[in-house]
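> Dropping a structure here in structure tokens format, bear with me for questions.
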Number of protein chains: 2
Amino acid sequence: MRKNQSKYKLIVDHVIDGINNRTLKKGDRIPSINEFREKYNLSRDTVFAGLSKLKAKGIIESNPGVGYFVISTKTEIKHRIFLLFNEINIFKEDLYNSFIEAIGTTTSVDLYFHNYNRDVFETLINEANHKYTTYIIMSGKFMGIEPLLSSLSGRVFLLDHFHPQLKGQYSSVAQDFEKDTYEALVSGLELLKNYKHLFMVQKEDFEPEERFNGLTEFCKQYNFSYDYISTVKNRLIAKGEVYLVVNDRDLVYLLKQADAQNMTPGREFGIISYNDTVLKEVLAGGITTLSTDFKQMGKTMASLINKRKLETIDNPWKLNVRNSL
Amino acid sequence: MRKNQSKYKLIVDHVIDGINNRTLKKGDRIPSINEFREKYNLSRDTVFAGLSKLKAKGIIESNPGVGYFVISTKTEIKHRIFLLFNEINIFKEDLYNSFIEAIGTTTSVDLYFHNYNRDVFETLINEANHKYTTYIIMSGKFMGIEPLLSSLSGRVFLLDHFHPQLKGQYSSVAQDFEKDTYEALVSGLELLKNYKHLFMVQKEDFEPEERFNGLTEFCKQYNFSYDYISTVKNRLIAKGEVYLVVNDRDLVYLLKQADAQNMTPGREFGIISYNDTVLKEVLAGGITTLSTDFKQMGKTMASLINKRKLETIDNPWKLNVRNSL
DNA sequence: TCTAATTTGTGCGTATGTATG
DNA sequence: GCATACATACGCACAAATTAG
């Protein structure tokens, strides 16, 4: 490991890691040049170079004939962050920007996309390994990624993942698609009582089926009938139906179809659209949306990075009730 | 032997052959400049050129005072592209995806964002220098970036830039904001005759003022009055007004205000919204949009990279006429 | 006070990559 | 392609400061 790094950095890292681990405190004596030389099998001068670097950074001081001592614990950990998203879309805007803002300017963040391609996913991770201090991974519906993740050299975080089995192994902030859908439907129960049948509309290849599980649970408990469809294209709308629509393209189909059938969302049938955008506030008199707070998600991820403890955080959801339900 | 080849290719081939022979692995040190110089009887500069090429291809990295090391064994990559966008937004989705699709698999692309921050812009470019074969830059309203661009080691392309003074120096594909706005308005002249006064609504800090120039030119020629405003927030709409709206947030304000004043876009007043999205097809009965074709822009940029000739290409615009005008 | 051991500090040589005419 | 200057990395030899006995 780290064949290609300058040797003196071993000394720098030894001390900085010690300070970050809290094993070195202000005033502590650190090993002498000869002790370091022995420990790492380096020449005296290489050790001296590392210690001089630390001295220049103001982290240690030297007393000739006595030793080296820690005088400051301000190590300014410079994170280099590898950020892997699934795809570009409008919601990444809020997520990325709020993350960048919260993480601060002393950090460098490199962003990549795997576009749900398993090969790209693996290649990007393998190529990035050992080049970053921190890895933030938004995976797709990939199975068996644990070995890949555990091979990574630095700290690993999961962002908005579909992998409940990885909970507890890595710090993460994510939507709980099942819980969010279930709880949102329960919170809208009074409105939903005007309808009979609920549809989950999403592409099963990419989107998490947990949403459908949440819908199923709700429908069984409160006696609605339900179905899973992958698109609403060319579909006739019937009275009493509610469509939970993931993709905006489907939302447009639905509204055009409603217009053609002379039906109004929120009256003869209902719409809940996943993920809020400004245009949905005024679209067709207001589209009810069920959305996770991507700005909050970015902020939360930034704060996780500065914590030592392993944490699994559910990102908050919000049902924006408008006229379409 | 190979007298017709550039000499620096000896070095490139030495390393690439080594990797393909499995005699060089990731992390391995390769010979120093002086060792190569001796072995192949070349000048230091020639060796340096070869090693720089390998570095730009992402195959090796250099550590001053230490040596050169293999960091990637992907030898089939032809171009390594540094792609710098201004910000994440929904239109980057089409642009990025069509570019990636068109550029093919023998290329690796790293994507960055400067978010209109000049410091970030300069830092990213300086950090990237010498590490890529190709640089594609989408700048903001930054002045005096010529020295920065000309310092770059590889081929430089401009994407959707606001710098007419750089035309002809670098190959580029871009919207011509002035021409696009002017021509689109001319093409919609018959519809516009129902109105009297045209507003350009955009934030002058970030958005290009060329749009307003196009509007001005059109209005002078065809006798419309006109104005520049930075937002429509809290604004009363008057009959006969047309709003050319850049930001979707302003579009929403406008539609809410129209509703409050009991006015309908396309009747008492008009709306042209910049940049098309699916939702605008059905929003308020259909919003007329003026949009550049971002998919085409991505394709065109990909094709430019495979050409040697310097070209400046205007990306095509499209006016999607719907009910709001 | 002296001495030996252990500490840090410095000068010089040779290697590396980088930048500029 | 050549020459030169420069920053970084590492190692050897020797100098200077401190401490314990």
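By order of appearance in the structure tokens: chains A, B, ..., then residues from 1 within every chain, and ligands from 1 in the order shown.
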Output as a PyMOL selection string the set of chain C residues within 8 Å of chain A, with distances taken over only C-alpha atoms (C1' of nucleotides).
chain C and resi 6-9
> Give me, as a Markdown table, each residue of chain D that comes within 7 Å of chain B, together with its shortest interatomic pair and the distance in Å at one decimal, counting only C-alpha atoms (C1' of nucleotides), with rows ordered by chain and rising residue number.

```
| residue | atom | partner | partner_atom | distance |
| --- | --- | --- | --- | --- |
| D:DG1 | C1' | B:Ser43 | CA | 6.5 |
| D:DT8 | C1' | B:Gly65 | CA | 4.9 |
| D:DA9 | C1' | B:Gly65 | CA | 4.8 |
```
> Output C-alpha atoms (C1' of nucleotides) for every residue in that selection, as a PDB file, in the first residue's frame.

```
ATOM      1  C1'  DG D   1      16.627  18.738 -28.729  1.00  0.00           C
ATOM      2  C1'  DT D   8      11.106  18.074  -3.760  1.00  0.00           C
ATOM      3  C1'  DA D   9      12.881  13.585  -1.760  1.00  0.00           C
TER       4       DA D   9
END
```
> Any idea what the distance is between atom C1' of DA15 of chain D and atom C1' of DA4 of chain C?
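Taking atom C1' of DA15 of chain D and atom C1' of DA4 of chain C, their separation equals 16.7 Å.
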> When you get a sec, could you note down which chain B residues fall within 6 Å of chain A, using only C-alpha atoms, as a ChimeraX atom specification?
/B:88-90,93,283
> Can I get the selection written as a compact mmCIF listing (two decimals), in the first residue's frame, with C-alpha atoms?

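This went into result05.txt:
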```
# COMPACT_ATOMS: atom_id res chain seq x y z
CA ILE B 88 -26.52 21.13 -12.00
CA ASN B 89 -29.97 21.60 -13.39
CA ILE B 90 -32.49 19.60 -15.30
CA GLU B 93 -29.50 15.80 -17.92
CA LEU B 283 -49.03 23.56 -17.57
```
> Report as a list in words all protein, DNA and RNA residues lying within 9 Å of Phe177 of chain B, evaluated on only C-alpha atoms (C1' of nucleotides), omitting residues in the same chain fewer than 5 positions from it.
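Neighbouring residues, sequence-local ones excluded: Phe162, Tyr182, Pro208, Glu209, Glu210, Arg211, Phe212, Asn213 and Gly214 of chain B.
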> Run DSSP on the backbone and grab whatever in segment 33-118 of chain B lands in strand (DSSP E); send it over as a list in words.
Ile60, Glu61, Ser62, Asn63, Gly67, Tyr68, Phe69, Val70, His79, Arg80, Ile81, Phe82, Leu83, Leu84, Phe85, Thr107, Ser108, Val109, Asp110, Leu111, Tyr112 and Phe113 of chain B
> Restricting the output to N, CA and C atoms, write the selected residues as a PDB file, in the first residue's frame.

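Output file part-v1.pdb is given in full below:
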```pdb
ATOM      1  N   ILE B  60      -0.629   6.947 -15.708  1.00  0.00           N
ATOM      2  CA  ILE B  60       0.383   7.086 -14.661  1.00  0.00           C
ATOM      3  C   ILE B  60       0.175   8.396 -13.909  1.00  0.00           C
ATOM      4  N   GLU B  61       0.793   8.487 -12.730  1.00  0.00           N
ATOM      5  CA  GLU B  61       0.830   9.761 -12.022  1.00  0.00           C
ATOM      6  C   GLU B  61       2.273  10.038 -11.644  1.00  0.00           C
ATOM      7  N   SER B  62       2.562  11.294 -11.354  1.00  0.00           N
ATOM      8  CA  SER B  62       3.930  11.650 -10.993  1.00  0.00           C
ATOM      9  C   SER B  62       3.986  12.142  -9.553  1.00  0.00           C
ATOM     10  N   ASN B  63       5.053  11.819  -8.864  1.00  0.00           N
ATOM     11  CA  ASN B  63       5.316  12.388  -7.547  1.00  0.00           C
ATOM     12  C   ASN B  63       6.687  13.040  -7.601  1.00  0.00           C
ATOM     13  N   GLY B  67       9.049   9.738  -8.305  1.00  0.00           N
ATOM     14  CA  GLY B  67       9.020   8.965  -9.541  1.00  0.00           C
ATOM     15  C   GLY B  67       7.651   8.928 -10.169  1.00  0.00           C
ATOM     16  N   TYR B  68       7.514   8.112 -11.192  1.00  0.00           N
ATOM     17  CA  TYR B  68       6.239   7.921 -11.892  1.00  0.00           C
ATOM     18  C   TYR B  68       5.672   6.557 -11.531  1.00  0.00           C
ATOM     19  N   PHE B  69       4.350   6.496 -11.383  1.00  0.00           N
ATOM     20  CA  PHE B  69       3.706   5.271 -10.937  1.00  0.00           C
ATOM     21  C   PHE B  69       2.455   4.970 -11.760  1.00  0.00           C
ATOM     22  N   VAL B  70       2.205   3.707 -11.998  1.00  0.00           N
ATOM     23  CA  VAL B  70       1.005   3.276 -12.719  1.00  0.00           C
ATOM     24  C   VAL B  70      -0.206   3.432 -11.802  1.00  0.00           C
ATOM     25  N   HIS B  79      -9.388   9.179 -25.216  1.00  0.00           N
ATOM     26  CA  HIS B  79      -9.456  10.521 -24.642  1.00  0.00           C
ATOM     27  C   HIS B  79      -9.805  10.406 -23.167  1.00  0.00           C
ATOM     28  N   ARG B  80      -9.216  11.282 -22.387  1.00  0.00           N
ATOM     29  CA  ARG B  80      -9.678  11.469 -21.022  1.00  0.00           C
ATOM     30  C   ARG B  80     -10.191  12.893 -20.953  1.00  0.00           C
ATOM     31  N   ILE B  81     -11.486  13.018 -20.679  1.00  0.00           N
ATOM     32  CA  ILE B  81     -12.128  14.320 -20.828  1.00  0.00           C
ATOM     33  C   ILE B  81     -12.459  14.950 -19.478  1.00  0.00           C
ATOM     34  N   PHE B  82     -12.062  16.199 -19.349  1.00  0.00           N
ATOM     35  CA  PHE B  82     -12.426  17.030 -18.201  1.00  0.00           C
ATOM     36  C   PHE B  82     -13.626  17.870 -18.632  1.00  0.00           C
ATOM     37  N   LEU B  83     -14.764  17.648 -17.995  1.00  0.00           N
ATOM     38  CA  LEU B  83     -16.005  18.319 -18.392  1.00  0.00           C
ATOM     39  C   LEU B  83     -16.458  19.215 -17.251  1.00  0.00           C
ATOM     40  N   LEU B  84     -16.422  20.523 -17.489  1.00  0.00           N
ATOM     41  CA  LEU B  84     -16.740  21.475 -16.427  1.00  0.00           C
ATOM     42  C   LEU B  84     -18.029  22.208 -16.755  1.00  0.00           C
ATOM     43  N   PHE B  85     -19.076  21.942 -15.958  1.00  0.00           N
ATOM     44  CA  PHE B  85     -20.368  22.598 -16.131  1.00  0.00           C
ATOM     45  C   PHE B  85     -20.491  23.760 -15.158  1.00  0.00           C
ATOM     46  N   THR B 107     -13.614   6.385 -24.104  1.00  0.00           N
ATOM     47  CA  THR B 107     -13.371   7.683 -23.514  1.00  0.00           C
ATOM     48  C   THR B 107     -13.784   7.640 -22.055  1.00  0.00           C
ATOM     49  N   SER B 108     -13.030   8.328 -21.203  1.00  0.00           N
ATOM     50  CA  SER B 108     -13.500   8.471 -19.829  1.00  0.00           C
ATOM     51  C   SER B 108     -13.746   9.951 -19.566  1.00  0.00           C
ATOM     52  N   VAL B 109     -14.841  10.212 -18.913  1.00  0.00           N
ATOM     53  CA  VAL B 109     -15.271  11.595 -18.704  1.00  0.00           C
ATOM     54  C   VAL B 109     -15.423  11.865 -17.213  1.00  0.00           C
ATOM     55  N   ASP B 110     -14.774  12.895 -16.730  1.00  0.00           N
ATOM     56  CA  ASP B 110     -14.969  13.338 -15.347  1.00  0.00           C
ATOM     57  C   ASP B 110     -15.695  14.668 -15.363  1.00  0.00           C
ATOM     58  N   LEU B 111     -16.747  14.749 -14.560  1.00  0.00           N
ATOM     59  CA  LEU B 111     -17.630  15.910 -14.578  1.00  0.00           C
ATOM     60  C   LEU B 111     -17.438  16.758 -13.328  1.00  0.00           C
ATOM     61  N   TYR B 112     -17.366  18.059 -13.505  1.00  0.00           N
ATOM     62  CA  TYR B 112     -17.223  18.980 -12.373  1.00  0.00           C
ATOM     63  C   TYR B 112     -18.191  20.150 -12.530  1.00  0.00           C
ATOM     64  N   PHE B 113     -18.447  20.842 -11.433  1.00  0.00           N
ATOM     65  CA  PHE B 113     -19.311  22.027 -11.453  1.00  0.00           C
ATOM     66  C   PHE B 113     -18.623  23.181 -10.746  1.00  0.00           C
TER      67      PHE B 113
END
```
> Excluding Thr300 of chain B and its own-chain neighbours fewer than 4 positions away, which residues fall within 12 Å of it when counting only C-alpha atoms (C1' of nucleotides)? Please give them as a PyMOL selection string.
chain B and resi 95-96+98-103+157-160+171-174+293-296+304-307+311-316
> Please identify all polymer residues within 7 Å of segment 72-77 of chain A, counting only C-alpha atoms (C1' of nucleotides), omitting same-chain residues fewer than 4 positions from it, and present them as a tab-separated table (two decimals) with C-alpha atoms, in the first residue's frame.

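Ended up saving to around_37.tsv:
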```
chain	number	residue	atom	x	y	z
A	16	ILE	CA	-2.35	13.60	12.42
A	19	ILE	CA	-4.62	13.55	17.00
A	26	LYS	CA	-1.98	18.87	23.28
A	58	GLY	CA	2.12	24.49	13.62
A	59	ILE	CA	1.00	21.12	14.94
A	60	ILE	CA	4.17	20.21	16.85
```
> Take atom C1' of DT3 of chain C and atom C1' of DA13 of chain D and report the distance between them in Å, one decimal.
22.3 Å
> Find the residues around Ser273 of chain A up to 8 Å (only C-alpha atoms (C1' of nucleotides) counted), leave out those fewer than 2 positions away in its own chain, and share them as a PyMOL selection string.
chain A and resi 243-248+251+271+275-276+287-290
> Could you pull out all residues of segment 113-209 of chain B with a DSSP call of helix (DSSP H, G or I) and give them as a ChimeraX atom specification?
/B:118-128,146-150,164-166,177-187,189-192
> Tell me, in Å to one decimal, how far atom CA of Phe121 of chain B is from atom CA of Glu146 of chain B.
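Pair atom CA of Phe121 of chain B / atom CA of Glu146 of chain B returns 13.0 Å.
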> Would you kindly return, as an mmCIF file with N, CA and C atoms, in the first residue's frame, each protein, DNA or RNA residue with an atom no farther than 12 Å from any atom of His14 of chain A, considering only C-alpha atoms (C1' of nucleotides) and excluding same-chain residues fewer than 2 positions away?

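Dumped to around_26.cif:
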```cif
data_model
loop_
_atom_site.group_PDB
_atom_site.id
_atom_site.type_symbol
_atom_site.label_atom_id
_atom_site.label_comp_id
_atom_site.auth_asym_id
_atom_site.auth_seq_id
_atom_site.Cartn_x
_atom_site.Cartn_y
_atom_site.Cartn_z
ATOM 1 N N LYS A 7 7.728 8.970 1.492
ATOM 2 C CA LYS A 7 7.835 8.251 2.762
ATOM 3 C C LYS A 7 7.613 9.154 3.964
ATOM 4 N N TYR A 8 8.016 10.417 3.810
ATOM 5 C CA TYR A 8 7.917 11.290 4.985
ATOM 6 C C TYR A 8 6.475 11.480 5.426
ATOM 7 N N LYS A 9 5.526 11.219 4.466
ATOM 8 C CA LYS A 9 4.113 11.383 4.805
ATOM 9 C C LYS A 9 3.653 10.358 5.841
ATOM 10 N N LEU A 10 4.367 9.228 5.941
ATOM 11 C CA LEU A 10 4.049 8.243 6.978
ATOM 12 C C LEU A 10 4.091 8.899 8.351
ATOM 13 N N ILE A 11 5.099 9.733 8.552
ATOM 14 C CA ILE A 11 5.263 10.401 9.843
ATOM 15 C C ILE A 11 4.158 11.425 10.044
ATOM 16 N N VAL A 12 3.915 12.223 8.992
ATOM 17 C CA VAL A 12 2.857 13.239 9.076
ATOM 18 C C VAL A 12 1.530 12.572 9.417
ATOM 19 N N ILE A 16 -1.017 13.031 12.663
ATOM 20 C CA ILE A 16 -2.350 13.597 12.422
ATOM 21 C C ILE A 16 -3.443 12.577 12.747
ATOM 22 N N ASP A 17 -3.201 11.324 12.373
ATOM 23 C CA ASP A 17 -4.164 10.280 12.732
ATOM 24 C C ASP A 17 -4.282 10.158 14.241
ATOM 25 N N GLY A 18 -3.117 10.222 14.919
ATOM 26 C CA GLY A 18 -3.120 10.136 16.386
ATOM 27 C C GLY A 18 -3.964 11.231 17.010
ATOM 28 N N ILE A 19 -3.837 12.426 16.471
ATOM 29 C CA ILE A 19 -4.618 13.551 17.004
ATOM 30 C C ILE A 19 -6.102 13.340 16.718
ATOM 31 N N ASN A 20 -6.427 12.905 15.512
ATOM 32 C CA ASN A 20 -7.833 12.691 15.168
ATOM 33 C C ASN A 20 -8.443 11.517 15.926
ATOM 34 N N ASN A 21 -7.597 10.557 16.298
ATOM 35 C CA ASN A 21 -8.061 9.414 17.105
ATOM 36 C C ASN A 21 -8.155 9.756 18.580
ATOM 37 N N THR A 23 -5.757 9.873 20.497
ATOM 38 C CA THR A 23 -4.692 9.204 21.257
ATOM 39 C C THR A 23 -3.538 10.170 21.513
ATOM 40 N N LEU A 24 -3.543 11.278 20.806
ATOM 41 C CA LEU A 24 -2.535 12.313 21.056
ATOM 42 C C LEU A 24 -3.246 13.593 21.482
ATOM 43 N N ILE A 30 5.715 13.177 21.317
ATOM 44 C CA ILE A 30 5.623 12.135 20.291
ATOM 45 C C ILE A 30 6.974 11.450 20.195
ATOM 46 N N PRO A 31 7.023 10.290 19.549
ATOM 47 C CA PRO A 31 8.280 9.532 19.494
ATOM 48 C C PRO A 31 9.437 10.360 18.925
ATOM 49 N N PHE A 36 10.972 6.736 15.616
ATOM 50 C CA PHE A 36 10.246 6.679 14.343
ATOM 51 C C PHE A 36 11.047 5.896 13.298
ATOM 52 N N LYS A 39 10.681 2.292 13.974
ATOM 53 C CA LYS A 39 9.314 1.813 13.773
ATOM 54 C C LYS A 39 8.970 1.671 12.288
ATOM 55 N N TYR A 40 9.329 2.661 11.487
ATOM 56 C CA TYR A 40 8.915 2.646 10.085
ATOM 57 C C TYR A 40 10.042 2.244 9.131
ATOM 58 N N VAL A 47 12.484 10.888 8.470
ATOM 59 C CA VAL A 47 11.672 11.184 9.644
ATOM 60 C C VAL A 47 11.736 12.679 9.946
ATOM 61 N N GLY A 50 9.469 14.697 7.773
ATOM 62 C CA GLY A 50 8.070 14.618 8.178
ATOM 63 C C GLY A 50 7.784 15.499 9.384
ATOM 64 N N LEU A 51 8.683 15.445 10.369
ATOM 65 C CA LEU A 51 8.487 16.243 11.577
ATOM 66 C C LEU A 51 8.590 17.743 11.260
ATOM 67 N N LEU A 54 5.345 18.926 9.912
ATOM 68 C CA LEU A 54 4.366 19.110 10.983
ATOM 69 C C LEU A 54 4.645 20.392 11.761
#
```
